[in-house]
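J.: As input, take start_32.pdb (PDB, C-alpha atoms):
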ATOM      1  CA  MET S 296     -47.458 -30.730 -18.274  1.00  0.00           C
ATOM      2  CA  ALA S 297     -44.968 -27.856 -18.204  1.00  0.00           C
ATOM      3  CA  ASN S 298     -41.308 -27.458 -19.083  1.00  0.00           C
ATOM      4  CA  PHE S 299     -38.779 -25.147 -20.719  1.00  0.00           C
ATOM      5  CA  ILE S 300     -38.340 -25.440 -24.480  1.00  0.00           C
ATOM      6  CA  GLU S 301     -36.069 -23.731 -26.990  1.00  0.00           C
ATOM      7  CA  LEU S 302     -37.346 -21.452 -29.757  1.00  0.00           C
ATOM      8  CA  ARG S 303     -35.537 -19.790 -32.637  1.00  0.00           C
ATOM      9  CA  ALA S 304     -36.150 -16.228 -33.821  1.00  0.00           C
ATOM     10  CA  ALA S 305     -36.052 -15.184 -37.473  1.00  0.00           C
ATOM     11  CA  ASP S 306     -32.475 -13.926 -37.118  1.00  0.00           C
ATOM     12  CA  GLY S 307     -31.331 -17.299 -35.791  1.00  0.00           C
ATOM     13  CA  LEU S 308     -31.173 -16.461 -32.083  1.00  0.00           C
ATOM     14  CA  LYS S 309     -32.161 -19.384 -29.855  1.00  0.00           C
ATOM     15  CA  PHE S 310     -33.981 -18.536 -26.648  1.00  0.00           C
ATOM     16  CA  THR S 311     -35.938 -20.342 -23.963  1.00  0.00           C
ATOM     17  CA  ALA S 312     -39.646 -20.304 -23.228  1.00  0.00           C
ATOM     18  CA  TYR S 313     -41.724 -21.956 -20.523  1.00  0.00           C
ATOM     19  CA  GLU S 314     -44.496 -24.028 -22.054  1.00  0.00           C
ATOM     20  CA  ALA S 315     -47.522 -25.227 -20.101  1.00  0.00           C
ATOM     21  CA  ARG S 316     -49.959 -27.551 -21.864  1.00  0.00           C
ATOM     22  CA  PRO S 317     -53.568 -28.278 -20.926  1.00  0.00           C
ATOM     23  CA  ALA S 318     -54.712 -31.744 -19.923  1.00  0.00           C
ATOM     24  CA  GLY S 319     -56.751 -32.166 -23.099  1.00  0.00           C
ATOM     25  CA  GLN S 320     -56.732 -30.609 -26.546  1.00  0.00           C
ATOM     26  CA  ALA S 321     -55.919 -26.903 -26.429  1.00  0.00           C
ATOM     27  CA  LYS S 322     -58.739 -24.501 -27.271  1.00  0.00           C
ATOM     28  CA  GLY S 323     -56.209 -21.849 -28.315  1.00  0.00           C
ATOM     29  CA  ALA S 324     -52.868 -20.479 -27.197  1.00  0.00           C
ATOM     30  CA  ILE S 325     -51.745 -17.635 -24.952  1.00  0.00           C
ATOM     31  CA  VAL S 326     -48.290 -16.061 -24.899  1.00  0.00           C
ATOM     32  CA  VAL S 327     -47.447 -14.751 -21.413  1.00  0.00           C
ATOM     33  CA  LEU S 328     -44.926 -11.892 -21.300  1.00  0.00           C
ATOM     34  CA  GLN S 329     -42.851 -11.458 -18.158  1.00  0.00           C
ATOM     35  CA  GLU S 330     -42.355  -8.467 -15.908  1.00  0.00           C
ATOM     36  CA  ILE S 331     -38.802  -7.154 -15.371  1.00  0.00           C
ATOM     37  CA  PHE S 332     -38.126 -10.159 -13.122  1.00  0.00           C
ATOM     38  CA  GLY S 333     -37.703 -12.818 -15.793  1.00  0.00           C
ATOM     39  CA  VAL S 334     -39.634 -16.036 -16.275  1.00  0.00           C
ATOM     40  CA  ASN S 335     -39.726 -16.545 -12.536  1.00  0.00           C
ATOM     41  CA  ALA S 336     -41.992 -18.647 -10.319  1.00  0.00           C
ATOM     42  CA  HIS S 337     -44.842 -16.161 -10.603  1.00  0.00           C
ATOM     43  CA  ILE S 338     -44.795 -16.014 -14.401  1.00  0.00           C
ATOM     44  CA  ARG S 339     -44.544 -19.800 -14.620  1.00  0.00           C
ATOM     45  CA  ALA S 340     -47.570 -20.052 -12.320  1.00  0.00           C
ATOM     46  CA  VAL S 341     -49.475 -17.608 -14.543  1.00  0.00           C
ATOM     47  CA  ALA S 342     -48.703 -19.772 -17.592  1.00  0.00           C
ATOM     48  CA  GLU S 343     -49.825 -22.882 -15.732  1.00  0.00           C
ATOM     49  CA  SER S 344     -53.045 -21.167 -14.680  1.00  0.00           C
ATOM     50  CA  TYR S 345     -53.947 -20.480 -18.315  1.00  0.00           C
ATOM     51  CA  ALA S 346     -53.114 -24.074 -19.202  1.00  0.00           C
ATOM     52  CA  ALA S 347     -55.548 -25.135 -16.486  1.00  0.00           C
ATOM     53  CA  GLN S 348     -58.195 -23.142 -18.366  1.00  0.00           C
ATOM     54  CA  GLY S 349     -57.582 -25.201 -21.506  1.00  0.00           C
ATOM     55  CA  TYR S 350     -55.032 -23.039 -23.338  1.00  0.00           C
ATOM     56  CA  LEU S 351     -51.521 -23.839 -24.420  1.00  0.00           C
ATOM     57  CA  ALA S 352     -49.490 -21.190 -22.574  1.00  0.00           C
ATOM     58  CA  LEU S 353     -46.013 -20.034 -23.528  1.00  0.00           C
ATOM     59  CA  ALA S 354     -43.824 -17.612 -21.558  1.00  0.00           C
ATOM     60  CA  PRO S 355     -40.749 -16.592 -23.595  1.00  0.00           C
ATOM     61  CA  ALA S 356     -37.610 -15.239 -21.924  1.00  0.00           C
ATOM     62  CA  THR S 357     -37.543 -11.644 -23.159  1.00  0.00           C
ATOM     63  CA  PHE S 358     -34.195 -10.797 -21.521  1.00  0.00           C
ATOM     64  CA  HIS S 359     -32.393 -13.503 -23.479  1.00  0.00           C
ATOM     65  CA  ARG S 360     -30.759 -11.135 -25.976  1.00  0.00           C
ATOM     66  CA  VAL S 361     -28.872  -9.346 -23.199  1.00  0.00           C
ATOM     67  CA  LYS S 362     -28.603 -11.964 -20.440  1.00  0.00           C
ATOM     68  CA  GLN S 363     -29.764 -15.554 -20.123  1.00  0.00           C
ATOM     69  CA  GLY S 364     -31.375 -17.477 -17.286  1.00  0.00           C
ATOM     70  CA  ILE S 365     -32.814 -14.486 -15.434  1.00  0.00           C
ATOM     71  CA  GLU S 366     -35.112 -15.300 -12.519  1.00  0.00           C
ATOM     72  CA  LEU S 367     -35.434 -12.482  -9.999  1.00  0.00           C
ATOM     73  CA  GLY S 368     -37.443 -11.873  -6.849  1.00  0.00           C
ATOM     74  CA  TYR S 369     -38.950  -8.587  -5.698  1.00  0.00           C
ATOM     75  CA  THR S 370     -36.357  -7.032  -3.387  1.00  0.00           C
ATOM     76  CA  PRO S 371     -35.045  -3.517  -4.108  1.00  0.00           C
ATOM     77  CA  ASP S 372     -31.873  -5.078  -5.541  1.00  0.00           C
ATOM     78  CA  ASP S 373     -33.955  -7.336  -7.792  1.00  0.00           C
ATOM     79  CA  VAL S 374     -35.951  -4.334  -9.000  1.00  0.00           C
ATOM     80  CA  ALA S 375     -32.728  -2.459  -9.804  1.00  0.00           C
ATOM     81  CA  ASP S 376     -31.373  -5.456 -11.715  1.00  0.00           C
ATOM     82  CA  GLY S 377     -34.620  -5.835 -13.629  1.00  0.00           C
ATOM     83  CA  VAL S 378     -34.772  -2.147 -14.526  1.00  0.00           C
ATOM     84  CA  ALA S 379     -31.216  -2.327 -15.899  1.00  0.00           C
ATOM     85  CA  LEU S 380     -31.979  -5.430 -17.952  1.00  0.00           C
ATOM     86  CA  LYS S 381     -35.140  -3.853 -19.342  1.00  0.00           C
ATOM     87  CA  ALA S 382     -33.156  -0.753 -20.346  1.00  0.00           C
ATOM     88  CA  ALA S 383     -30.598  -2.937 -22.110  1.00  0.00           C
ATOM     89  CA  VAL S 384     -33.293  -4.737 -24.107  1.00  0.00           C
ATOM     90  CA  GLU S 385     -35.065  -1.477 -24.948  1.00  0.00           C
ATOM     91  CA  ALA S 386     -31.732  -0.105 -26.222  1.00  0.00           C
ATOM     92  CA  LEU S 387     -31.325  -2.912 -28.779  1.00  0.00           C
ATOM     93  CA  ALA S 388     -31.570  -1.935 -32.418  1.00  0.00           C
ATOM     94  CA  PRO S 389     -35.076  -2.574 -33.781  1.00  0.00           C
ATOM     95  CA  PRO S 390     -36.749  -5.004 -34.018  1.00  0.00           C
ATOM     96  CA  GLY S 391     -34.806  -6.430 -31.056  1.00  0.00           C
ATOM     97  CA  VAL S 392     -36.895  -8.590 -28.748  1.00  0.00           C
ATOM     98  CA  MET S 393     -39.948  -8.268 -30.994  1.00  0.00           C
ATOM     99  CA  LEU S 394     -38.354 -10.959 -33.183  1.00  0.00           C
ATOM    100  CA  ASP S 395     -38.465 -13.341 -30.233  1.00  0.00           C
ATOM    101  CA  ILE S 396     -42.064 -12.463 -29.433  1.00  0.00           C
ATOM    102  CA  GLN S 397     -43.079 -13.100 -33.047  1.00  0.00           C
ATOM    103  CA  ALA S 398     -41.332 -16.479 -32.883  1.00  0.00           C
ATOM    104  CA  ALA S 399     -43.300 -17.276 -29.720  1.00  0.00           C
ATOM    105  CA  ILE S 400     -46.566 -16.321 -31.441  1.00  0.00           C
ATOM    106  CA  ASP S 401     -45.710 -18.451 -34.473  1.00  0.00           C
ATOM    107  CA  TYR S 402     -44.856 -21.466 -32.320  1.00  0.00           C
ATOM    108  CA  ALA S 403     -47.986 -21.034 -30.197  1.00  0.00           C
ATOM    109  CA  ALA S 404     -50.191 -20.797 -33.294  1.00  0.00           C
ATOM    110  CA  LYS S 405     -49.033 -24.263 -34.371  1.00  0.00           C
ATOM    111  CA  ALA S 406     -48.826 -25.881 -30.947  1.00  0.00           C
ATOM    112  CA  GLY S 407     -52.216 -24.529 -29.867  1.00  0.00           C
ATOM    113  CA  LEU S 408     -53.826 -26.333 -32.822  1.00  0.00           C
ATOM    114  CA  THR S 409     -56.597 -23.770 -33.449  1.00  0.00           C
ATOM    115  CA  GLY S 410     -54.167 -21.215 -34.875  1.00  0.00           C
ATOM    116  CA  LYS S 411     -55.550 -18.449 -32.661  1.00  0.00           C
ATOM    117  CA  VAL S 412     -53.108 -16.801 -30.249  1.00  0.00           C
ATOM    118  CA  GLY S 413     -53.743 -14.343 -27.450  1.00  0.00           C
ATOM    119  CA  MET S 414     -51.154 -12.487 -25.435  1.00  0.00           C
ATOM    120  CA  VAL S 415     -51.067 -11.236 -21.854  1.00  0.00           C
ATOM    121  CA  GLY S 416     -48.225  -9.225 -20.343  1.00  0.00           C
ATOM    122  CA  TYR S 417     -47.477  -7.645 -17.000  1.00  0.00           C
ATOM    123  CA  CYS S 418     -45.657  -4.353 -16.335  1.00  0.00           C
ATOM    124  CA  TRP S 419     -42.906  -4.214 -19.009  1.00  0.00           C
ATOM    125  CA  GLY S 420     -44.532  -7.279 -20.527  1.00  0.00           C
ATOM    126  CA  GLY S 421     -47.662  -5.162 -20.846  1.00  0.00           C
ATOM    127  CA  LEU S 422     -45.763  -2.667 -22.977  1.00  0.00           C
ATOM    128  CA  LEU S 423     -44.402  -5.471 -25.150  1.00  0.00           C
ATOM    129  CA  THR S 424     -47.930  -6.864 -25.442  1.00  0.00           C
ATOM    130  CA  TRP S 425     -49.211  -3.494 -26.648  1.00  0.00           C
ATOM    131  CA  ARG S 426     -46.402  -3.266 -29.198  1.00  0.00           C
ATOM    132  CA  ALA S 427     -47.090  -6.823 -30.339  1.00  0.00           C
ATOM    133  CA  ALA S 428     -50.752  -5.970 -30.854  1.00  0.00           C
ATOM    134  CA  CYS S 429     -49.700  -3.056 -33.051  1.00  0.00           C
ATOM    135  CA  LEU S 430     -46.639  -4.414 -34.865  1.00  0.00           C
ATOM    136  CA  LEU S 431     -46.687  -8.199 -35.062  1.00  0.00           C
ATOM    137  CA  SER S 432     -48.727 -10.700 -37.053  1.00  0.00           C
ATOM    138  CA  SER S 433     -51.042 -13.597 -36.195  1.00  0.00           C
ATOM    139  CA  LEU S 434     -52.222 -12.203 -32.858  1.00  0.00           C
ATOM    140  CA  SER S 435     -55.963 -12.477 -32.184  1.00  0.00           C
ATOM    141  CA  ALA S 436     -56.233 -10.688 -28.814  1.00  0.00           C
ATOM    142  CA  ALA S 437     -53.954  -8.817 -26.406  1.00  0.00           C
ATOM    143  CA  VAL S 438     -54.219  -8.008 -22.696  1.00  0.00           C
ATOM    144  CA  PRO S 439     -51.602  -5.657 -21.203  1.00  0.00           C
ATOM    145  CA  TYR S 440     -51.567  -5.195 -17.431  1.00  0.00           C
ATOM    146  CA  TYR S 441     -50.401  -1.950 -15.745  1.00  0.00           C
ATOM    147  CA  ASP S 442     -47.699  -0.656 -18.023  1.00  0.00           C
ATOM    148  CA  GLY S 443     -46.912   3.043 -17.892  1.00  0.00           C
ATOM    149  CA  GLY S 444     -44.973   2.945 -21.143  1.00  0.00           C
ATOM    150  CA  MET S 445     -48.229   2.529 -23.044  1.00  0.00           C
ATOM    151  CA  THR S 446     -49.297   5.978 -21.890  1.00  0.00           C
ATOM    152  CA  ARG S 447     -46.310   7.751 -23.480  1.00  0.00           C
ATOM    153  CA  THR S 448     -47.078   9.776 -26.583  1.00  0.00           C
ATOM    154  CA  THR S 449     -45.010   7.538 -28.871  1.00  0.00           C
ATOM    155  CA  GLU S 450     -46.877   4.437 -27.707  1.00  0.00           C
ATOM    156  CA  ILE S 451     -50.303   6.045 -27.734  1.00  0.00           C
ATOM    157  CA  ALA S 452     -49.662   6.885 -31.400  1.00  0.00           C
ATOM    158  CA  ARG S 453     -49.597   3.193 -32.322  1.00  0.00           C
ATOM    159  CA  THR S 454     -52.671   1.442 -33.726  1.00  0.00           C
ATOM    160  CA  PRO S 455     -53.553  -2.096 -32.618  1.00  0.00           C
ATOM    161  CA  ALA S 456     -54.335  -4.709 -35.254  1.00  0.00           C
ATOM    162  CA  CYS S 457     -56.285  -6.938 -32.866  1.00  0.00           C
ATOM    163  CA  PRO S 458     -58.730  -6.455 -29.964  1.00  0.00           C
ATOM    164  CA  VAL S 459     -57.093  -5.136 -26.772  1.00  0.00           C
ATOM    165  CA  LEU S 460     -58.187  -5.214 -23.127  1.00  0.00           C
ATOM    166  CA  ALA S 461     -55.992  -3.103 -20.805  1.00  0.00           C
ATOM    167  CA  HIS S 462     -55.885  -3.220 -16.987  1.00  0.00           C
ATOM    168  CA  PHE S 463     -54.624  -0.347 -14.790  1.00  0.00           C
ATOM    169  CA  GLY S 464     -54.694   0.499 -11.082  1.00  0.00           C
ATOM    170  CA  ASN S 465     -55.841   3.914  -9.888  1.00  0.00           C
ATOM    171  CA  GLN S 466     -53.330   3.886  -7.021  1.00  0.00           C
ATOM    172  CA  ASP S 467     -50.342   3.062  -9.218  1.00  0.00           C
ATOM    173  CA  PRO S 468     -47.458   5.447  -8.414  1.00  0.00           C
ATOM    174  CA  LEU S 469     -45.766   4.539 -11.701  1.00  0.00           C
ATOM    175  CA  ILE S 470     -48.693   5.306 -14.019  1.00  0.00           C
ATOM    176  CA  PRO S 471     -50.423   8.707 -13.611  1.00  0.00           C
ATOM    177  CA  LEU S 472     -54.131   8.524 -14.317  1.00  0.00           C
ATOM    178  CA  ASP S 473     -53.948  11.451 -16.729  1.00  0.00           C
ATOM    179  CA  GLY S 474     -51.760   9.255 -18.932  1.00  0.00           C
ATOM    180  CA  VAL S 475     -54.311   6.455 -18.745  1.00  0.00           C
ATOM    181  CA  GLU S 476     -57.029   8.931 -19.657  1.00  0.00           C
ATOM    182  CA  ALA S 477     -55.020  10.161 -22.653  1.00  0.00           C
ATOM    183  CA  PHE S 478     -54.632   6.558 -23.784  1.00  0.00           C
ATOM    184  CA  LYS S 479     -58.391   5.983 -23.426  1.00  0.00           C
ATOM    185  CA  GLN S 480     -59.223   9.115 -25.395  1.00  0.00           C
ATOM    186  CA  ALA S 481     -56.917   8.070 -28.229  1.00  0.00           C
ATOM    187  CA  HIS S 482     -58.151   4.459 -28.327  1.00  0.00           C
ATOM    188  CA  ALA S 483     -61.896   4.280 -27.937  1.00  0.00           C
ATOM    189  CA  ASP S 484     -61.738   0.762 -29.384  1.00  0.00           C
ATOM    190  CA  VAL S 485     -59.555  -0.509 -26.511  1.00  0.00           C
ATOM    191  CA  ASP S 486     -61.399  -1.814 -23.446  1.00  0.00           C
ATOM    192  CA  VAL S 487     -59.608   0.020 -20.603  1.00  0.00           C
ATOM    193  CA  ARG S 488     -60.426  -1.152 -17.071  1.00  0.00           C
ATOM    194  CA  ILE S 489     -59.285   0.642 -13.916  1.00  0.00           C
ATOM    195  CA  TYR S 490     -59.113  -1.003 -10.485  1.00  0.00           C
ATOM    196  CA  GLN S 491     -58.815   0.171  -6.887  1.00  0.00           C
ATOM    197  CA  ALA S 492     -55.268  -1.139  -6.746  1.00  0.00           C
ATOM    198  CA  SER S 493     -51.585  -0.323  -7.085  1.00  0.00           C
ATOM    199  CA  HIS S 494     -48.860  -1.389  -9.501  1.00  0.00           C
ATOM    200  CA  GLY S 495     -48.349  -5.143  -9.694  1.00  0.00           C
ATOM    201  CA  PHE S 496     -51.764  -5.945  -8.231  1.00  0.00           C
ATOM    202  CA  ASN S 497     -51.945  -9.272 -10.063  1.00  0.00           C
ATOM    203  CA  CYS S 498     -48.738 -10.695  -8.553  1.00  0.00           C
ATOM    204  CA  ASP S 499     -49.332 -12.675  -5.367  1.00  0.00           C
ATOM    205  CA  HIS S 500     -45.584 -12.653  -4.704  1.00  0.00           C
ATOM    206  CA  ARG S 501     -45.612  -8.895  -4.110  1.00  0.00           C
ATOM    207  CA  SER S 502     -46.888  -6.701  -1.294  1.00  0.00           C
ATOM    208  CA  ALA S 503     -48.964  -4.778  -3.855  1.00  0.00           C
ATOM    209  CA  TYR S 504     -51.050  -7.881  -4.594  1.00  0.00           C
ATOM    210  CA  ASP S 505     -54.765  -7.170  -4.442  1.00  0.00           C
ATOM    211  CA  ALA S 506     -56.827 -10.345  -4.490  1.00  0.00           C
ATOM    212  CA  ALA S 507     -60.105  -8.672  -5.442  1.00  0.00           C
ATOM    213  CA  ALA S 508     -58.629  -6.646  -8.294  1.00  0.00           C
ATOM    214  CA  ALA S 509     -56.595  -9.607  -9.531  1.00  0.00           C
ATOM    215  CA  ALA S 510     -59.642 -11.885  -9.545  1.00  0.00           C
ATOM    216  CA  LEU S 511     -61.833  -9.370 -11.396  1.00  0.00           C
ATOM    217  CA  ALA S 512     -59.143  -8.613 -13.980  1.00  0.00           C
ATOM    218  CA  ARG S 513     -58.568 -12.328 -14.459  1.00  0.00           C
ATOM    219  CA  GLU S 514     -62.289 -12.998 -14.930  1.00  0.00           C
ATOM    220  CA  ARG S 515     -62.528 -10.244 -17.534  1.00  0.00           C
ATOM    221  CA  THR S 516     -59.397 -11.515 -19.269  1.00  0.00           C
ATOM    222  CA  LEU S 517     -60.714 -15.057 -19.512  1.00  0.00           C
ATOM    223  CA  VAL S 518     -64.013 -13.815 -20.957  1.00  0.00           C
ATOM    224  CA  PHE S 519     -62.074 -11.682 -23.446  1.00  0.00           C
ATOM    225  CA  PHE S 520     -59.887 -14.588 -24.537  1.00  0.00           C
ATOM    226  CA  ALA S 521     -62.881 -16.928 -24.802  1.00  0.00           C
ATOM    227  CA  ARG S 522     -64.555 -14.414 -27.127  1.00  0.00           C
ATOM    228  CA  HIS S 523     -61.576 -13.968 -29.422  1.00  0.00           C
ATOM    229  CA  LEU S 524     -59.709 -17.289 -29.263  1.00  0.00           C
ATOM    230  CA  THR S 525     -62.371 -19.977 -29.073  1.00  0.00           C
TER     231      THR S 525
END
Rewrite the structure of this file - the entire thing - as structure tokens.
T.:
Amino acid sequence: MANFIELRAADGLKFTAYEARPAGQAKGAIVVLQEIFGVNAHIRAVAESYAAQGYLALAPATFHRVKQGIELGYTPDDVADGVALKAAVEALAPPGVMLDIQAAIDYAAKAGLTGKVGMVGYCWGGLLTWRAACLLSSLSAAVPYYDGGMTRTTEIARTPACPVLAHFGNQDPLIPLDGVEAFKQAHADVDVRIYQASHGFNCDHRSAYDAAAAALARERTLVFFARHLT
């Protein structure tokens, strides 16, 4: 069962999230953080795929503070729109969207029954996942996918409060490998995995999709979540 629900952040803002529930009792919960394209068909499918694995999955709309109801495709115009929306959210006064992500974690902790919450995020959602692992509470595991922002000095300086598994592609034009290496050197406790793939390799709606890399990263992610959430 899957549908949109409404959540409320600590400052009173109401925002939407896509919730996918497993057929039986949840063995934990996973918050799924969108790319710059909104909670679109791909992100909803990702949430549903985790529900099929027995988790309550929740994908909050992280553009909601600047514009509501965003669902983009992958054309150049869509990319430009998504980049602009991301910049607008990043420009918000702190804590900004992190309030919404904490609200999603808090809801998932209760709805998932076990109290344990993992998080997975893609592209910009990967950056938000890294920040959540370092700044927010009640998170048991975090899995960022291919975000270049994590490799900036200011982000590398953060310290995660939960186990982290990070996925990168070695053919990603947006994330130089020297930045990934600097991240690895600074965070020996983070499990960094590198694939023969480009940016967005997990998204089967994009030309960069790589089935082999996506399947391997997914397998590792499920093992990681099983270890820390169940």
J.: Which residues come within 10 Å of Val487 (chain S), counting all atoms listed in the file, excluding same-chain residues fewer than 2 positions away, as an MDAnalysis selection string?
T.: chainID S and resid 438:439 459:463 475:476 478:479 482:485 489
J.: What's around Ile325 (chain S) at 10 Å? Count all atoms listed in the file, leave out sequence neighbours fewer than 4 positions away in its own chain, and write the answer as a list of chain:residue names.
T.: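 The contact residues come out as S:Ala315, S:Ala342, S:Tyr345, S:Ala346, S:Tyr350, S:Leu351, S:Ala352, S:Leu353, S:Ala354, S:Ala399, S:Ile400, S:Ala403, S:Ala404, S:Gly407, S:Lys411, S:Val412, S:Gly413, S:Met414, S:Val415, S:Leu434, S:Ser435, S:Ala436, S:Ala437, S:Phe520, S:Leu524.
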J.: Run the PyMOL selection byres ((chain S and resi 445-456) around 6) on the file and write out the hits as number ranges by chain.
T.: S: 422, 428-429, 442-444, 457, 474-475, 478
J.: Applying 9 Å and all atoms listed in the file, which residues near Gln466 (chain S) remain after dropping the ones on its own chain fewer than 6 positions away? List them as a ChimeraX atom specification.
T.: /S:472,490-494
J.: On this structure, which residues satisfy the PyMOL selection byres ((chain S and resi 381-391) around 8), written as a list in words?
T.: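 Applied to this file, the PyMOL selection byres ((chain S and resi 381-391) around 8) returns Ile331, Phe358, Arg360, Val361, Gly377, Val378, Ala379, Leu380, Val392, Met393, Leu394, Asp395 and Trp419 of chain S.
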J.: Considering all atoms listed in the file, can you say which of S:Arg522, S:Lys405, S:Lys322, S:His359 comes closest to Glu301 (chain S)?
T.: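 Selected residue with least distance to Glu301 (chain S): S:His359.
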J.: Could you please determine the separation between CA of Leu423 (chain S) and CA of Asp376 (chain S) in Å, to one decimal place?
T.: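 Straight-line distance from CA of Leu423 (chain S) to CA of Asp376 (chain S) works out to 18.7 Å.
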J.: One number please: CA of Asp373 (chain S) to CA of Phe310 (chain S), in Å, one decimal.
T.: 21.9 Å
J.: How far is it from CA of Ser502 (chain S) to CA of Asn298 (chain S), in Å with one decimal?
T.: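 Between CA of Ser502 (chain S) and CA of Asn298 (chain S) the gap is 27.9 Å.
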J.: Run through the PyMOL selection byres ((chain S and resi 336) around 12) on the given coordinates and return the selected residues as a list in words.
T.: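 This file gives the following for the PyMOL selection byres ((chain S and resi 336) around 12): Tyr313, Gln329, Glu330, Phe332, Gly333, Val334, Asn335, His337, Ile338, Arg339, Ala340, Val341, Ala342, Glu343, Ala354, Ile365, Glu366, Leu367, Gly368, Tyr369, Cys498, Asp499 and His500 of chain S.
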J.: Choose the residue, out of S:Gly349, S:Gly323, S:Pro355, S:Gly464, that has the smallest atom-to-atom separation from Phe496 (chain S); count all atoms listed in the file.
T.: S:Gly464
J.: Please rebuild region 463-479 of chain S with N, CA and C atoms and return the result as a PDB file, in the coordinates of the input.
T.:
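This went into out00.pdb:
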ATOM      1  N   PHE S 463     -55.438  -1.301 -15.538  1.00  0.00           N
ATOM      2  CA  PHE S 463     -54.624  -0.347 -14.790  1.00  0.00           C
ATOM      3  C   PHE S 463     -55.150  -0.223 -13.359  1.00  0.00           C
ATOM      4  N   GLY S 464     -54.279   0.219 -12.455  1.00  0.00           N
ATOM      5  CA  GLY S 464     -54.694   0.499 -11.082  1.00  0.00           C
ATOM      6  C   GLY S 464     -54.732   2.007 -10.836  1.00  0.00           C
ATOM      7  N   ASN S 465     -55.736   2.467 -10.112  1.00  0.00           N
ATOM      8  CA  ASN S 465     -55.841   3.914  -9.888  1.00  0.00           C
ATOM      9  C   ASN S 465     -54.975   4.407  -8.732  1.00  0.00           C
ATOM     10  N   GLN S 466     -54.260   3.499  -8.084  1.00  0.00           N
ATOM     11  CA  GLN S 466     -53.330   3.886  -7.021  1.00  0.00           C
ATOM     12  C   GLN S 466     -51.888   3.552  -7.402  1.00  0.00           C
ATOM     13  N   ASP S 467     -51.655   3.452  -8.703  1.00  0.00           N
ATOM     14  CA  ASP S 467     -50.342   3.062  -9.218  1.00  0.00           C
ATOM     15  C   ASP S 467     -49.413   4.273  -9.245  1.00  0.00           C
ATOM     16  N   PRO S 468     -48.357   4.291  -8.433  1.00  0.00           N
ATOM     17  CA  PRO S 468     -47.458   5.447  -8.414  1.00  0.00           C
ATOM     18  C   PRO S 468     -46.627   5.583  -9.680  1.00  0.00           C
ATOM     19  N   LEU S 469     -46.583   4.523 -10.487  1.00  0.00           N
ATOM     20  CA  LEU S 469     -45.766   4.539 -11.701  1.00  0.00           C
ATOM     21  C   LEU S 469     -46.542   4.950 -12.948  1.00  0.00           C
ATOM     22  N   ILE S 470     -47.863   4.999 -12.844  1.00  0.00           N
ATOM     23  CA  ILE S 470     -48.693   5.306 -14.019  1.00  0.00           C
ATOM     24  C   ILE S 470     -49.724   6.377 -13.643  1.00  0.00           C
ATOM     25  N   PRO S 471     -49.457   7.650 -13.909  1.00  0.00           N
ATOM     26  CA  PRO S 471     -50.423   8.707 -13.611  1.00  0.00           C
ATOM     27  C   PRO S 471     -51.734   8.487 -14.366  1.00  0.00           C
ATOM     28  N   LEU S 472     -52.831   8.765 -13.701  1.00  0.00           N
ATOM     29  CA  LEU S 472     -54.131   8.524 -14.317  1.00  0.00           C
ATOM     30  C   LEU S 472     -54.390   9.436 -15.508  1.00  0.00           C
ATOM     31  N   ASP S 473     -53.731  10.597 -15.560  1.00  0.00           N
ATOM     32  CA  ASP S 473     -53.948  11.451 -16.729  1.00  0.00           C
ATOM     33  C   ASP S 473     -53.367  10.791 -17.984  1.00  0.00           C
ATOM     34  N   GLY S 474     -52.304   9.999 -17.803  1.00  0.00           N
ATOM     35  CA  GLY S 474     -51.760   9.255 -18.932  1.00  0.00           C
ATOM     36  C   GLY S 474     -52.709   8.156 -19.379  1.00  0.00           C
ATOM     37  N   VAL S 475     -53.322   7.482 -18.419  1.00  0.00           N
ATOM     38  CA  VAL S 475     -54.311   6.455 -18.745  1.00  0.00           C
ATOM     39  C   VAL S 475     -55.493   7.079 -19.476  1.00  0.00           C
ATOM     40  N   GLU S 476     -55.904   8.246 -19.017  1.00  0.00           N
ATOM     41  CA  GLU S 476     -57.029   8.931 -19.657  1.00  0.00           C
ATOM     42  C   GLU S 476     -56.678   9.333 -21.084  1.00  0.00           C
ATOM     43  N   ALA S 477     -55.450   9.800 -21.299  1.00  0.00           N
ATOM     44  CA  ALA S 477     -55.020  10.161 -22.653  1.00  0.00           C
ATOM     45  C   ALA S 477     -55.026   8.932 -23.563  1.00  0.00           C
ATOM     46  N   PHE S 478     -54.600   7.807 -23.012  1.00  0.00           N
ATOM     47  CA  PHE S 478     -54.632   6.558 -23.784  1.00  0.00           C
ATOM     48  C   PHE S 478     -56.073   6.205 -24.145  1.00  0.00           C
ATOM     49  N   LYS S 479     -56.981   6.297 -23.182  1.00  0.00           N
ATOM     50  CA  LYS S 479     -58.391   5.983 -23.426  1.00  0.00           C
ATOM     51  C   LYS S 479     -58.980   6.881 -24.507  1.00  0.00           C
TER      52      LYS S 479
END
